[in-house]
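Have a look at upload_34.txt below; it lists compact mmCIF, C-alpha atoms.
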```txt
# COMPACT_ATOMS: atom_id res chain seq x y z
CA MET A 22 -0.37 40.79 4.60
CA SER A 23 3.00 41.83 6.01
CA PRO A 24 3.31 43.82 9.28
CA LEU A 25 4.85 46.71 7.34
CA THR A 26 1.84 46.93 5.01
CA ILE A 27 -0.59 46.71 7.92
CA SER A 28 1.32 49.43 9.77
CA TRP A 29 1.14 51.79 6.78
CA ILE A 30 -2.59 51.16 6.50
CA ILE A 31 -3.00 51.93 10.20
CA PHE A 32 -0.94 55.09 9.77
CA GLY A 33 -3.22 56.15 6.92
CA VAL A 34 -6.35 55.49 8.99
CA VAL A 35 -5.06 57.29 12.08
CA PHE A 36 -3.68 60.29 10.21
CA GLY A 37 -6.83 60.29 8.11
CA GLY A 38 -8.73 60.72 11.38
CA ALA A 39 -6.67 63.83 12.10
CA LEU A 40 -7.41 65.23 8.63
CA PHE A 41 -11.09 64.44 9.13
CA GLY A 42 -11.01 66.44 12.37
CA MET A 43 -9.52 69.41 10.54
CA ALA A 44 -12.19 69.22 7.85
CA LEU A 45 -14.90 68.85 10.47
CA ARG A 46 -13.67 71.99 12.23
CA SER A 47 -14.19 74.05 9.09
CA LEU A 48 -17.74 72.70 8.67
CA LEU A 49 -19.04 73.02 12.23
CA PRO A 50 -20.79 76.21 13.35
CA GLU A 51 -18.81 78.32 15.81
CA HIS A 52 -21.02 77.49 18.80
CA HIS A 53 -20.12 73.79 18.38
CA LEU A 54 -16.52 74.73 19.07
CA SER A 55 -17.25 76.54 22.32
CA GLN A 56 -15.37 75.84 25.56
CA ASP A 57 -18.23 73.71 26.90
CA SER A 58 -18.12 71.55 23.79
CA ARG A 59 -14.37 71.21 24.11
CA ASP A 60 -14.65 70.11 27.75
CA VAL A 61 -17.21 67.42 26.92
CA VAL A 62 -15.14 66.12 23.99
CA LYS A 63 -11.96 66.14 26.11
CA VAL A 64 -13.64 64.07 28.85
CA GLY A 65 -14.96 61.54 26.32
CA MET A 66 -11.67 61.32 24.44
CA GLY A 67 -9.80 61.03 27.74
CA LEU A 68 -11.81 57.91 28.51
CA ILE A 69 -11.15 56.48 25.03
CA GLY A 70 -7.46 57.39 25.33
CA THR A 71 -7.19 55.50 28.64
CA ILE A 72 -8.88 52.43 27.19
CA SER A 73 -6.68 52.61 24.07
CA ALA A 74 -3.55 52.76 26.21
CA LEU A 75 -4.69 49.70 28.17
CA VAL A 76 -5.46 47.71 25.01
CA LEU A 77 -2.18 48.76 23.39
CA GLY A 78 -0.30 47.70 26.52
CA LEU A 79 -2.16 44.39 26.48
CA LEU A 80 -1.17 43.77 22.86
CA VAL A 81 2.47 44.63 23.59
CA ALA A 82 2.51 42.26 26.58
CA SER A 83 0.85 39.49 24.58
CA ALA A 84 3.28 39.79 21.65
CA LYS A 85 6.33 40.01 23.93
CA SER A 86 5.14 37.03 25.96
CA SER A 87 4.65 34.97 22.80
CA PHE A 88 8.10 35.96 21.50
CA ASP A 89 9.81 35.11 24.80
CA ALA A 90 7.98 31.77 25.04
CA GLN A 91 9.20 30.72 21.61
CA ARG A 92 12.74 31.94 22.33
CA ASN A 93 12.83 29.90 25.55
CA GLY A 94 11.36 26.92 23.74
CA LEU A 95 14.05 27.17 21.08
CA ALA A 96 16.78 27.32 23.73
CA GLN A 97 15.32 24.26 25.47
CA LEU A 98 15.09 22.42 22.14
CA SER A 99 18.77 23.14 21.43
CA ALA A 100 19.80 21.92 24.89
CA ASN A 101 17.82 18.69 24.43
CA ILE A 102 19.50 18.09 21.06
CA VAL A 103 22.96 18.29 22.62
CA LEU A 104 21.81 16.15 25.55
CA LEU A 105 20.48 13.46 23.22
CA ASP A 106 23.77 13.38 21.33
CA ARG A 107 25.68 12.94 24.59
CA ILE A 108 23.35 10.11 25.58
CA PHE A 109 24.14 8.37 22.29
CA ALA A 110 27.86 8.93 22.87
CA HIS A 111 27.67 7.27 26.30
CA TYR A 112 25.56 4.44 24.91
CA GLY A 113 28.41 3.28 22.70
CA PRO A 114 29.21 2.51 19.06
CA GLU A 115 25.79 0.90 18.63
CA ALA A 116 24.24 4.38 18.65
CA LYS A 117 26.54 5.76 15.94
CA ALA A 118 23.77 5.64 13.33
CA CYS A 119 21.44 7.48 15.72
CA ARG A 120 24.00 10.25 16.19
CA ALA A 121 24.40 10.63 12.44
CA GLN A 122 20.63 10.78 11.95
CA LEU A 123 20.28 13.34 14.74
CA LYS A 124 22.87 15.58 13.07
CA GLU A 125 21.08 15.25 9.75
CA MET A 126 17.76 16.10 11.41
CA VAL A 127 19.19 19.26 13.00
CA THR A 128 20.77 20.32 9.69
CA ASN A 129 17.43 19.90 7.93
CA MET A 130 15.66 21.79 10.71
CA LEU A 131 17.99 24.76 10.25
CA ALA A 132 17.29 24.76 6.52
CA GLN A 133 13.52 24.60 7.09
CA VAL A 134 13.15 27.12 9.90
CA TRP A 135 15.79 29.60 8.67
CA PRO A 136 15.94 29.11 4.88
CA GLU A 137 18.61 30.94 2.89
CA ASN A 138 15.85 32.46 0.79
CA PRO A 139 13.45 34.24 3.19
CA ALA A 140 10.76 34.18 0.51
CA GLU A 141 10.41 30.43 1.03
CA GLY A 142 9.08 30.96 4.55
CA SER A 143 9.90 28.98 7.68
CA ASN A 144 8.53 25.58 8.60
CA VAL A 145 8.86 24.58 12.25
CA GLU A 146 6.75 21.43 12.12
CA PRO A 147 8.54 18.11 12.82
CA THR A 148 9.36 16.04 9.77
CA ALA A 149 9.29 12.32 9.12
CA ALA A 150 13.04 12.20 9.86
CA SER A 151 12.43 13.10 13.51
CA GLU A 152 9.87 10.30 13.83
CA SER A 153 12.23 7.80 12.21
CA LEU A 154 14.91 8.77 14.73
CA TYR A 155 12.52 7.91 17.53
CA GLU A 156 11.91 4.51 15.92
CA ARG A 157 15.66 3.95 15.56
CA ILE A 158 16.14 4.66 19.27
CA GLN A 159 13.52 2.06 20.11
CA GLU A 160 15.32 -0.47 17.90
CA LEU A 161 18.48 -0.24 20.00
CA THR A 162 19.22 -3.48 21.86
CA PRO A 163 20.66 -2.74 25.32
CA LYS A 164 23.27 -5.24 26.54
CA ASN A 165 23.33 -4.16 30.17
CA GLU A 166 21.49 -2.02 32.71
CA SER A 167 23.51 1.07 31.85
CA GLN A 168 22.55 0.92 28.18
CA ARG A 169 18.95 0.19 29.13
CA ALA A 170 18.84 3.33 31.27
CA LEU A 171 20.48 5.35 28.48
CA GLN A 172 17.95 4.07 25.96
CA ALA A 173 15.09 5.13 28.23
CA ALA A 174 16.69 8.56 28.66
CA ALA A 175 17.14 8.85 24.88
CA ILE A 176 13.49 7.98 24.28
CA LYS A 177 12.36 10.62 26.79
CA THR A 178 14.70 13.28 25.38
CA GLY A 179 13.60 12.44 21.83
CA MET A 180 9.98 12.88 22.90
CA ASP A 181 10.85 16.22 24.50
CA ILE A 182 12.47 17.40 21.24
CA ALA A 183 9.40 16.39 19.20
CA GLN A 184 7.11 18.06 21.74
CA ALA A 185 9.16 21.27 21.64
CA ARG A 186 8.96 21.42 17.84
CA TRP A 187 5.21 20.83 17.82
CA LEU A 188 4.84 23.51 20.50
CA LEU A 189 6.81 25.97 18.36
CA SER A 190 4.59 25.07 15.43
CA ALA A 191 1.43 25.61 17.49
CA GLN A 192 2.67 28.99 18.74
CA LYS A 193 3.54 30.18 15.24
CA SER A 194 0.01 31.44 14.63
CA SER A 195 -0.79 35.01 15.64
CA SER A 196 -1.57 35.66 19.29
CA ILE A 197 -3.12 39.06 18.56
CA PRO A 198 -6.90 38.95 18.05
CA LEU A 199 -7.90 40.87 14.94
CA PRO A 200 -10.96 42.49 16.61
CA PHE A 201 -8.64 43.98 19.26
CA LEU A 202 -6.53 45.56 16.56
CA VAL A 203 -9.49 46.87 14.55
CA VAL A 204 -11.19 48.43 17.58
CA LEU A 205 -7.90 49.93 18.77
CA VAL A 206 -7.30 51.60 15.40
CA PHE A 207 -10.86 52.95 15.42
CA TRP A 208 -10.31 54.46 18.86
CA LEU A 209 -7.01 56.01 17.78
CA ALA A 210 -8.62 57.53 14.70
CA LEU A 211 -11.29 59.10 16.94
CA LEU A 212 -8.60 60.48 19.26
CA PHE A 213 -6.67 62.06 16.41
CA ALA A 214 -9.87 63.55 15.00
CA SER A 215 -10.56 65.16 18.39
CA PHE A 216 -6.97 66.46 18.56
CA SER A 217 -7.30 68.37 15.30
CA MET A 218 -10.93 69.40 15.60
CA PHE A 219 -10.26 72.13 18.16
CA ALA A 220 -6.83 73.26 16.94
CA ARG A 221 -6.42 75.80 14.18
CA PRO A 222 -4.66 74.00 11.31
CA ASN A 223 -1.08 75.09 10.70
CA LEU A 224 2.22 73.47 9.78
CA THR A 225 3.21 72.81 13.39
CA VAL A 226 -0.06 71.04 14.19
CA LEU A 227 0.15 69.03 10.97
CA ILE A 228 3.73 67.87 11.64
CA ALA A 229 2.92 67.03 15.28
CA LEU A 230 -0.07 64.89 14.26
CA LEU A 231 1.97 63.28 11.46
CA LEU A 232 4.75 62.28 13.86
CA ALA A 233 2.24 61.04 16.43
CA ALA A 234 0.51 58.89 13.80
CA LEU A 235 3.87 57.50 12.69
CA SER A 236 4.71 56.67 16.31
CA VAL A 237 1.43 54.80 16.78
CA ALA A 238 1.91 52.90 13.52
CA GLY A 239 5.49 52.11 14.56
CA ALA A 240 4.32 50.71 17.90
CA ILE A 241 1.81 48.43 16.18
CA PHE A 242 4.49 47.41 13.66
CA LEU A 243 6.71 46.26 16.55
CA ILE A 244 3.80 44.33 18.04
CA LEU A 245 3.11 42.55 14.76
CA GLU A 246 6.81 41.79 14.24
CA LEU A 247 7.17 40.28 17.72
CA ASP A 248 4.13 38.15 16.98
CA ARG A 249 5.89 36.39 14.06
CA PRO A 250 9.32 35.46 15.46
CA PHE A 251 10.36 33.22 12.56
CA GLY A 252 10.08 35.90 9.89
CA GLY A 253 10.33 39.62 9.30
CA PHE A 254 12.76 42.14 10.75
CA ILE A 255 12.54 40.95 14.36
CA GLN A 256 12.99 37.20 14.43
CA LEU A 257 14.47 34.51 16.61
CA SER A 258 18.14 33.86 16.01
CA SER A 259 19.33 30.47 14.83
CA ASP A 260 22.44 30.74 17.04
CA PRO A 261 21.23 28.27 19.74
CA VAL A 262 20.57 25.59 17.12
CA GLN A 263 23.80 26.43 15.27
CA ARG A 264 25.77 26.00 18.49
CA ALA A 265 23.98 22.75 19.23
CA LEU A 266 24.83 21.49 15.73
CA GLY A 267 28.48 22.34 16.34
CA GLN A 268 28.48 20.16 19.45
CA LEU A 269 27.05 17.08 17.72
CA GLY A 270 29.39 14.18 17.05
CA ARG A 271 32.10 15.32 19.47
```

Can you give me the file's structure in the form of structure tokens?
Amino acid sequence: MSPLTISWIIFGVVFGGALFGMALRSLLPEHHLSQDSRDVVKVGMGLIGTISALVLGLLVASAKSSFDAQRNGLAQLSANIVLLDRIFAHYGPEAKACRAQLKEMVTNMLAQVWPENPAEGSNVEPTAASESLYERIQELTPKNESQRALQAAAIKTGMDIAQARWLLSAQKSSSIPLPFLVVLVFWLALLFASFSMFARPNLTVLIALLLAALSVAGAIFLILELDRPFGGFIQLSSDPVQRALGQLGR
């Protein structure tokens, strides 16, 4: 289910809580709406509101942390790709085939992670081509100490690239626990019900609650979008990898 769909469902649940509060107001006897009742409800909803704010902040921090981690990992991956190409360049003509295979691997990675047709979805897992590049590096035959050191550096850098791609693949899954989200929405629905239960229904109250529910749904939409950085409206840019590809073979 897309973040946009989930956000609209959450909006419906939260705003539905406000409408439930309005309906409940018309059904409750007048003494249930006394000042004492209002004070008790306000204290209880104040506690729930504080907890909801903490959980919402936790979800925002978790999603932003996950997004930043994958952005930094992508930048490090791009830097290692350029570094590996430079190692091959210093190694000599013997590594020409390795450079060509590296460029092909990066081109394929761009097509897999950022496909031209977004409906195809992104795939950040390493392919067999990346493993064959590692084998090709091992097949190099150093002729002197300099080439031997460069081969060792190429093996290490190649391992770092593979590790970075597997790490991106492992971090692709959602970092937001579903129970957190469900409980948070339940709390928000209760809050909105309490908001409308003691206010006489009119157009101003209805618009205020509608905008508040939209704001809450929008906040959760941003959280869900940050949690899937390789798809949706907010996604990681391919610029670092594009720039790295432009440096290959020079």

- Could you check which of A:Glu137, A:Glu146, A:Asp106, A:Glu125 is closest to A:Thr178, using all atoms listed in the file?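 Selected residue with least distance to A:Thr178: A:Asp106.
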
- Item | One-decimal distance in Å that lies between atom CA of A:Ala220 and atom CA of A:Val237 |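 A separation of 20.2 Å between them.
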
- Can you pull out every residue within 10 Å of A:Gln122, counting all atoms listed in the file, but drop anything in the same chain fewer than 2 positions away, and send it as a ChimeraX atom specification? /A:116-120,124-128,150-151,153-154,157

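Closest approach to A:Leu247 among A:Leu95, A:Leu80, A:Ala132, A:Leu224 is made by A:Leu80 (distances from all atoms listed in the file).
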
- Query: Can you tell me, as a ChimeraX atom specification, what residues are no more than 9 Å from A:Ile244 when counting only C-alpha atoms, ignoring any on the same chain fewer than 5 positions away?
  - Reply: /A:24,80-85,197,239

Using all atoms listed in the file, which residues sit within 9 Å of stretch 42-51 of chain A once same-chain residues fewer than 4 positions away are excluded, as a PDB file with C-alpha atoms, keeping the file's coordinate frame?
```pdb
ATOM      1  CA  GLY A  37      -6.830  60.290   8.110  1.00  0.00           C
ATOM      2  CA  GLY A  38      -8.730  60.720  11.380  1.00  0.00           C
ATOM      3  CA  SER A  55     -17.250  76.540  22.320  1.00  0.00           C
ATOM      4  CA  LEU A 211     -11.290  59.100  16.940  1.00  0.00           C
ATOM      5  CA  PHE A 213      -6.670  62.060  16.410  1.00  0.00           C
ATOM      6  CA  ALA A 214      -9.870  63.550  15.000  1.00  0.00           C
ATOM      7  CA  SER A 215     -10.560  65.160  18.390  1.00  0.00           C
ATOM      8  CA  PHE A 216      -6.970  66.460  18.560  1.00  0.00           C
ATOM      9  CA  SER A 217      -7.300  68.370  15.300  1.00  0.00           C
ATOM     10  CA  MET A 218     -10.930  69.400  15.600  1.00  0.00           C
ATOM     11  CA  PHE A 219     -10.260  72.130  18.160  1.00  0.00           C
ATOM     12  CA  ALA A 220      -6.830  73.260  16.940  1.00  0.00           C
ATOM     13  CA  ARG A 221      -6.420  75.800  14.180  1.00  0.00           C
ATOM     14  CA  PRO A 222      -4.660  74.000  11.310  1.00  0.00           C
TER      15      PRO A 222
END
```

- Message: Please determine, counting all atoms listed in the file, which residue among A:Leu77, A:Val262, A:Ile30, A:Val62 has the shortest atom-to-atom distance to A:Leu131.
- Response: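 Residue with the minimum atom-to-atom distance to A:Leu131: A:Val262.
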
- Item | Nearest residue to A:Ser259 from the set A:Ala96, A:Ala174, A:Leu54, A:Val76 (distances using all atoms listed in the file) |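 For A:Ser259, the nearest of the given residues is A:Ala96.
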
If I wrap all listed atoms of stretch 154-172 of chain A in a box with edges along x, y and z and add 4 Å on each side, what are its centre and edge lengths in Å to one decimal, as JSON?
```
{"center_x": 17.7, "center_y": 1.8, "center_z": 23.7, "size_x": 19.6, "size_y": 22.0, "size_z": 26.0}
```

- Message: Need the shell around A:Leu199: protein/DNA/RNA residues with any atom at most 12 Å away, counting all atoms listed in the file. Skip same-chain ones fewer than 6 positions apart. Format as a VMD selection string?
- Response: chain A and resid 27 80 205 to 206 245

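Of the residues under consideration (A:Ala265, A:Ala185, A:Val34, A:Leu98), A:Val34 shows the shortest atom-to-atom contact distance to A:Ala234 when counting all atoms listed in the file.
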
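Take the candidates A:His52, A:Ile102, A:Tyr112, A:Ala233 and check each one against A:Asp181 using all atoms listed in the file; the shortest distance goes to A:Ile102.
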
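Between atom CA of A:Leu161 and atom CA of A:Pro114 the interatomic distance comes to 11.1 Å.
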
- Could you work out how far atom CA of A:Phe109 lies from atom CA of A:Ala175, giving the answer in Å with one decimal?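 That distance, rounded to one decimal, is 7.5 Å.
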